[in-house]
Amino acid sequence: MDKNISIEQYLNQPENKEIVAKKKSPVTSIIILICGIALIVASALLKEVASGLVFPLIITLASIISVWGVFAFSFRKKRYYVSATGQEIKVKEYLFNIKDRDKLVRMVENSDFNAVEKLEKTAQDSLKLKIATTADHNYCLAQVVVFIPYEFVNATILVKIPSDKAKTLFANI
């Protein structure tokens with residue numbers, strides 16, 4: 001069961017030509033970093049003029065903003081797009097009762113989601129249906145993930161769902 005690759009691993013594969021991974025634009029993080037550096041320079045210029053609590057407050061604020069800018073630049077989120085259409089792929093998780101595991105696995109393997117609304121939804125995350133899809137559901141991947149003590153394990157292989165069946169899934173879920 002744990003030999004199956006996850007949706008995230010599939011999306012990150014460099015040989016996968018139908019998916020393009022792009023990082024979020026660095027513009028906002030660079031602007032935050034420039035603001036932090038500008039505050040540091042301003043505090044150095046105001047060192048003689050500022051008295052009491054103003055100077056340490058400006059230095060603290062400038063340090064926090066600068067560190068925030070560095071982290072925002074370093075840890076930008078990666079987004080996935082379908083290379084043919086340019087649409088963004090979003091990964092969603094739906095939680096179900098563990099007793100419906102076999103039914104859910106059969107549904108995913110057969111790409112037959114007509115009875116998915118009959119499955120019991122739950123707030124516990126021991127059985128997940130992970131779906132990576134575009135907004136119009138023309139590109140859709142699905143996988144069942146099960147929690148076996150101490151880790152999540154892929155219960156099914158990654159299944160590419162045709163657009164008509166994906167629309168049925170999202171209409172019923």
# chains A, B, ... in the order shown; residues from 1 in each chain; ligands from 1
$ residues_around --residues "region 79-86 of chain A" --least-positions-apart "6" --cutoff "6 Å" --atoms "only C-alpha atoms" --output "list in words"
Glu18, Ile19, Val20, Ala21, Lys22 and Lys23 of chain A
$ residues_around --residues "Ala38 (chain A)" --least-positions-apart "5" --cutoff "12 Å" --atoms "only C-alpha atoms" --output "number ranges by chain"
A: 31-33, 43-45, 58-59, 61-63, 65-66
$ write_last_selection --atoms "N, CA, C and O atoms" --output "short mmCIF file (atom, residue, chain, number, x, y, z; two decimals), in the first residue's frame"
data_model
loop_
_atom_site.label_atom_id
_atom_site.label_comp_id
_atom_site.auth_asym_id
_atom_site.auth_seq_id
_atom_site.Cartn_x
_atom_site.Cartn_y
_atom_site.Cartn_z
N ILE A 31 9.18 43.78 -1.43
CA ILE A 31 8.68 45.07 -0.93
C ILE A 31 8.72 45.09 0.59
O ILE A 31 9.13 46.10 1.20
N ILE A 32 8.33 44.01 1.24
CA ILE A 32 8.39 43.93 2.71
C ILE A 32 9.83 44.06 3.18
O ILE A 32 10.13 44.78 4.14
N LEU A 33 10.75 43.39 2.52
CA LEU A 33 12.16 43.46 2.88
C LEU A 33 12.71 44.87 2.70
O LEU A 33 13.46 45.37 3.56
N SER A 43 16.07 54.57 11.19
CA SER A 43 16.39 54.55 12.62
C SER A 43 17.84 54.98 12.86
O SER A 43 18.14 55.62 13.87
N ALA A 44 18.74 54.64 11.94
CA ALA A 44 20.13 55.07 12.09
C ALA A 44 20.24 56.58 11.93
O ALA A 44 21.04 57.22 12.63
N LEU A 45 19.45 57.15 11.04
CA LEU A 45 19.47 58.60 10.84
C LEU A 45 18.80 59.34 12.00
O LEU A 45 19.17 60.47 12.31
N ILE A 58 11.50 51.52 16.89
CA ILE A 58 11.74 51.52 15.45
C ILE A 58 12.70 50.40 15.06
O ILE A 58 12.49 49.71 14.06
N ILE A 59 13.75 50.20 15.86
CA ILE A 59 14.71 49.12 15.58
C ILE A 59 14.02 47.75 15.66
O ILE A 59 14.22 46.88 14.80
N LEU A 61 10.78 47.07 15.30
CA LEU A 61 9.84 46.97 14.19
C LEU A 61 10.57 46.71 12.87
O LEU A 61 10.16 45.86 12.07
N ALA A 62 11.68 47.39 12.66
CA ALA A 62 12.47 47.20 11.44
C ALA A 62 13.04 45.78 11.38
O ALA A 62 13.05 45.17 10.30
N SER A 63 13.49 45.25 12.50
CA SER A 63 14.03 43.89 12.53
C SER A 63 12.95 42.86 12.22
O SER A 63 13.18 41.92 11.44
N ILE A 65 10.12 43.31 10.55
CA ILE A 65 9.70 43.42 9.15
C ILE A 65 10.77 42.85 8.22
O ILE A 65 10.44 42.17 7.24
N SER A 66 12.04 43.08 8.52
CA SER A 66 13.11 42.54 7.68
C SER A 66 13.14 41.01 7.72
O SER A 66 13.28 40.35 6.67
#
$ select_by_dssp --residues "chain A" --states "strand (DSSP E or B)" --output "ChimeraX atom specification"
/A:19-23,78-82,88-96,121,127-133,140-148,151-154,159-160
$ closest_residue --among "A:Leu141, A:Ala171, A:Ile148, A:Ala72" --to "Ala115 (chain A)" --atoms "only C-alpha atoms"
A:Ala171
$ closest_residue --among "A:Thr156, A:Ile64, A:Tyr139, A:Lys77" --to "Met107 (chain A)" --atoms "only C-alpha atoms"
A:Thr156
$ select_by_dssp --residues "region 17-63 of chain A" --states "alpha helix (DSSP H)" --output "VMD selection string"
chain A and resid 27 to 45 54 to 63
$ write_last_selection --atoms "N, CA and C atoms" --output "PDB file, in the first residue's frame"
ATOM      1  N   VAL A  27       7.557  39.532  -5.526  1.00  0.00           N
ATOM      2  CA  VAL A  27       7.419  40.989  -5.459  1.00  0.00           C
ATOM      3  C   VAL A  27       6.998  41.456  -4.066  1.00  0.00           C
ATOM      4  N   THR A  28       5.979  40.850  -3.486  1.00  0.00           N
ATOM      5  CA  THR A  28       5.511  41.309  -2.171  1.00  0.00           C
ATOM      6  C   THR A  28       6.564  41.093  -1.093  1.00  0.00           C
ATOM      7  N   SER A  29       7.266  39.968  -1.148  1.00  0.00           N
ATOM      8  CA  SER A  29       8.300  39.724  -0.133  1.00  0.00           C
ATOM      9  C   SER A  29       9.464  40.697  -0.288  1.00  0.00           C
ATOM     10  N   ILE A  30       9.798  41.070  -1.511  1.00  0.00           N
ATOM     11  CA  ILE A  30      10.873  42.046  -1.729  1.00  0.00           C
ATOM     12  C   ILE A  30      10.446  43.425  -1.229  1.00  0.00           C
ATOM     13  N   ILE A  31       9.181  43.777  -1.435  1.00  0.00           N
ATOM     14  CA  ILE A  31       8.676  45.067  -0.932  1.00  0.00           C
ATOM     15  C   ILE A  31       8.718  45.093   0.595  1.00  0.00           C
ATOM     16  N   ILE A  32       8.334  44.005   1.238  1.00  0.00           N
ATOM     17  CA  ILE A  32       8.390  43.933   2.706  1.00  0.00           C
ATOM     18  C   ILE A  32       9.830  44.065   3.183  1.00  0.00           C
ATOM     19  N   LEU A  33      10.750  43.386   2.517  1.00  0.00           N
ATOM     20  CA  LEU A  33      12.162  43.457   2.881  1.00  0.00           C
ATOM     21  C   LEU A  33      12.715  44.872   2.699  1.00  0.00           C
ATOM     22  N   ILE A  34      12.349  45.540   1.616  1.00  0.00           N
ATOM     23  CA  ILE A  34      12.798  46.915   1.384  1.00  0.00           C
ATOM     24  C   ILE A  34      12.256  47.852   2.456  1.00  0.00           C
ATOM     25  N   CYS A  35      11.005  47.646   2.878  1.00  0.00           N
ATOM     26  CA  CYS A  35      10.431  48.463   3.957  1.00  0.00           C
ATOM     27  C   CYS A  35      11.208  48.260   5.260  1.00  0.00           C
ATOM     28  N   GLY A  36      11.568  47.027   5.553  1.00  0.00           N
ATOM     29  CA  GLY A  36      12.347  46.752   6.760  1.00  0.00           C
ATOM     30  C   GLY A  36      13.717  47.408   6.715  1.00  0.00           C
ATOM     31  N   ILE A  37      14.370  47.316   5.574  1.00  0.00           N
ATOM     32  CA  ILE A  37      15.691  47.943   5.427  1.00  0.00           C
ATOM     33  C   ILE A  37      15.575  49.458   5.500  1.00  0.00           C
ATOM     34  N   ALA A  38      14.519  50.021   4.915  1.00  0.00           N
ATOM     35  CA  ALA A  38      14.303  51.468   4.981  1.00  0.00           C
ATOM     36  C   ALA A  38      14.087  51.924   6.427  1.00  0.00           C
ATOM     37  N   LEU A  39      13.384  51.133   7.198  1.00  0.00           N
ATOM     38  CA  LEU A  39      13.197  51.479   8.620  1.00  0.00           C
ATOM     39  C   LEU A  39      14.507  51.401   9.385  1.00  0.00           C
ATOM     40  N   ILE A  40      15.361  50.441   9.049  1.00  0.00           N
ATOM     41  CA  ILE A  40      16.673  50.354   9.707  1.00  0.00           C
ATOM     42  C   ILE A  40      17.511  51.580   9.373  1.00  0.00           C
ATOM     43  N   VAL A  41      17.509  51.987   8.110  1.00  0.00           N
ATOM     44  CA  VAL A  41      18.253  53.185   7.705  1.00  0.00           C
ATOM     45  C   VAL A  41      17.663  54.426   8.372  1.00  0.00           C
ATOM     46  N   ALA A  42      16.350  54.528   8.424  1.00  0.00           N
ATOM     47  CA  ALA A  42      15.700  55.676   9.064  1.00  0.00           C
ATOM     48  C   ALA A  42      16.018  55.723  10.555  1.00  0.00           C
ATOM     49  N   SER A  43      16.071  54.566  11.189  1.00  0.00           N
ATOM     50  CA  SER A  43      16.395  54.555  12.619  1.00  0.00           C
ATOM     51  C   SER A  43      17.837  54.982  12.864  1.00  0.00           C
ATOM     52  N   ALA A  44      18.736  54.635  11.942  1.00  0.00           N
ATOM     53  CA  ALA A  44      20.130  55.069  12.087  1.00  0.00           C
ATOM     54  C   ALA A  44      20.240  56.577  11.935  1.00  0.00           C
ATOM     55  N   LEU A  45      19.449  57.150  11.037  1.00  0.00           N
ATOM     56  CA  LEU A  45      19.467  58.598  10.842  1.00  0.00           C
ATOM     57  C   LEU A  45      18.804  59.339  12.001  1.00  0.00           C
ATOM     58  N   VAL A  54      11.217  55.594  21.420  1.00  0.00           N
ATOM     59  CA  VAL A  54      11.000  55.631  19.973  1.00  0.00           C
ATOM     60  C   VAL A  54      12.090  54.875  19.222  1.00  0.00           C
ATOM     61  N   PHE A  55      13.344  55.102  19.548  1.00  0.00           N
ATOM     62  CA  PHE A  55      14.445  54.454  18.824  1.00  0.00           C
ATOM     63  C   PHE A  55      14.418  52.925  18.967  1.00  0.00           C
ATOM     64  N   PRO A  56      14.309  52.377  20.186  1.00  0.00           N
ATOM     65  CA  PRO A  56      14.239  50.907  20.290  1.00  0.00           C
ATOM     66  C   PRO A  56      12.993  50.315  19.617  1.00  0.00           C
ATOM     67  N   LEU A  57      11.903  51.077  19.641  1.00  0.00           N
ATOM     68  CA  LEU A  57      10.682  50.608  18.998  1.00  0.00           C
ATOM     69  C   LEU A  57      10.857  50.527  17.479  1.00  0.00           C
ATOM     70  N   ILE A  58      11.502  51.523  16.892  1.00  0.00           N
ATOM     71  CA  ILE A  58      11.737  51.525  15.449  1.00  0.00           C
ATOM     72  C   ILE A  58      12.702  50.402  15.065  1.00  0.00           C
ATOM     73  N   ILE A  59      13.753  50.203  15.864  1.00  0.00           N
ATOM     74  CA  ILE A  59      14.710  49.118  15.581  1.00  0.00           C
ATOM     75  C   ILE A  59      14.015  47.751  15.660  1.00  0.00           C
ATOM     76  N   THR A  60      13.198  47.548  16.672  1.00  0.00           N
ATOM     77  CA  THR A  60      12.483  46.277  16.819  1.00  0.00           C
ATOM     78  C   THR A  60      11.532  46.055  15.650  1.00  0.00           C
ATOM     79  N   LEU A  61      10.778  47.074  15.305  1.00  0.00           N
ATOM     80  CA  LEU A  61       9.836  46.973  14.191  1.00  0.00           C
ATOM     81  C   LEU A  61      10.573  46.705  12.872  1.00  0.00           C
ATOM     82  N   ALA A  62      11.684  47.393  12.664  1.00  0.00           N
ATOM     83  CA  ALA A  62      12.473  47.200  11.441  1.00  0.00           C
ATOM     84  C   ALA A  62      13.039  45.783  11.376  1.00  0.00           C
ATOM     85  N   SER A  63      13.493  45.253  12.498  1.00  0.00           N
ATOM     86  CA  SER A  63      14.030  43.886  12.530  1.00  0.00           C
ATOM     87  C   SER A  63      12.948  42.861  12.217  1.00  0.00           C
TER      88      SER A  63
END
$ residues_around --residues "Ser126 (chain A)" --least-positions-apart "5" --cutoff "8 Å" --atoms "only C-alpha atoms" --output "PyMOL selection string"
chain A and resi 95-98+146-148
$ atom_distance --atom1 "CA of Phe113 (chain A)" --atom2 "CA of Thr168 (chain A)"
6.6 Å
$ closest_residue --among "A:Thr133, A:Asn16, A:Asn114, A:Gln143" --to "Ile173 (chain A)" --atoms "only C-alpha atoms"
A:Asn114
$ closest_residue --among "A:Lys78, A:Ala123, A:Ser111, A:Lys118" --to "Tyr94 (chain A)" --atoms "only C-alpha atoms"
A:Ala123
$ closest_residue --among "A:Val67, A:Asn12, A:Asn4, A:Lys165" --to "Val144 (chain A)" --atoms "only C-alpha atoms"
A:Asn4
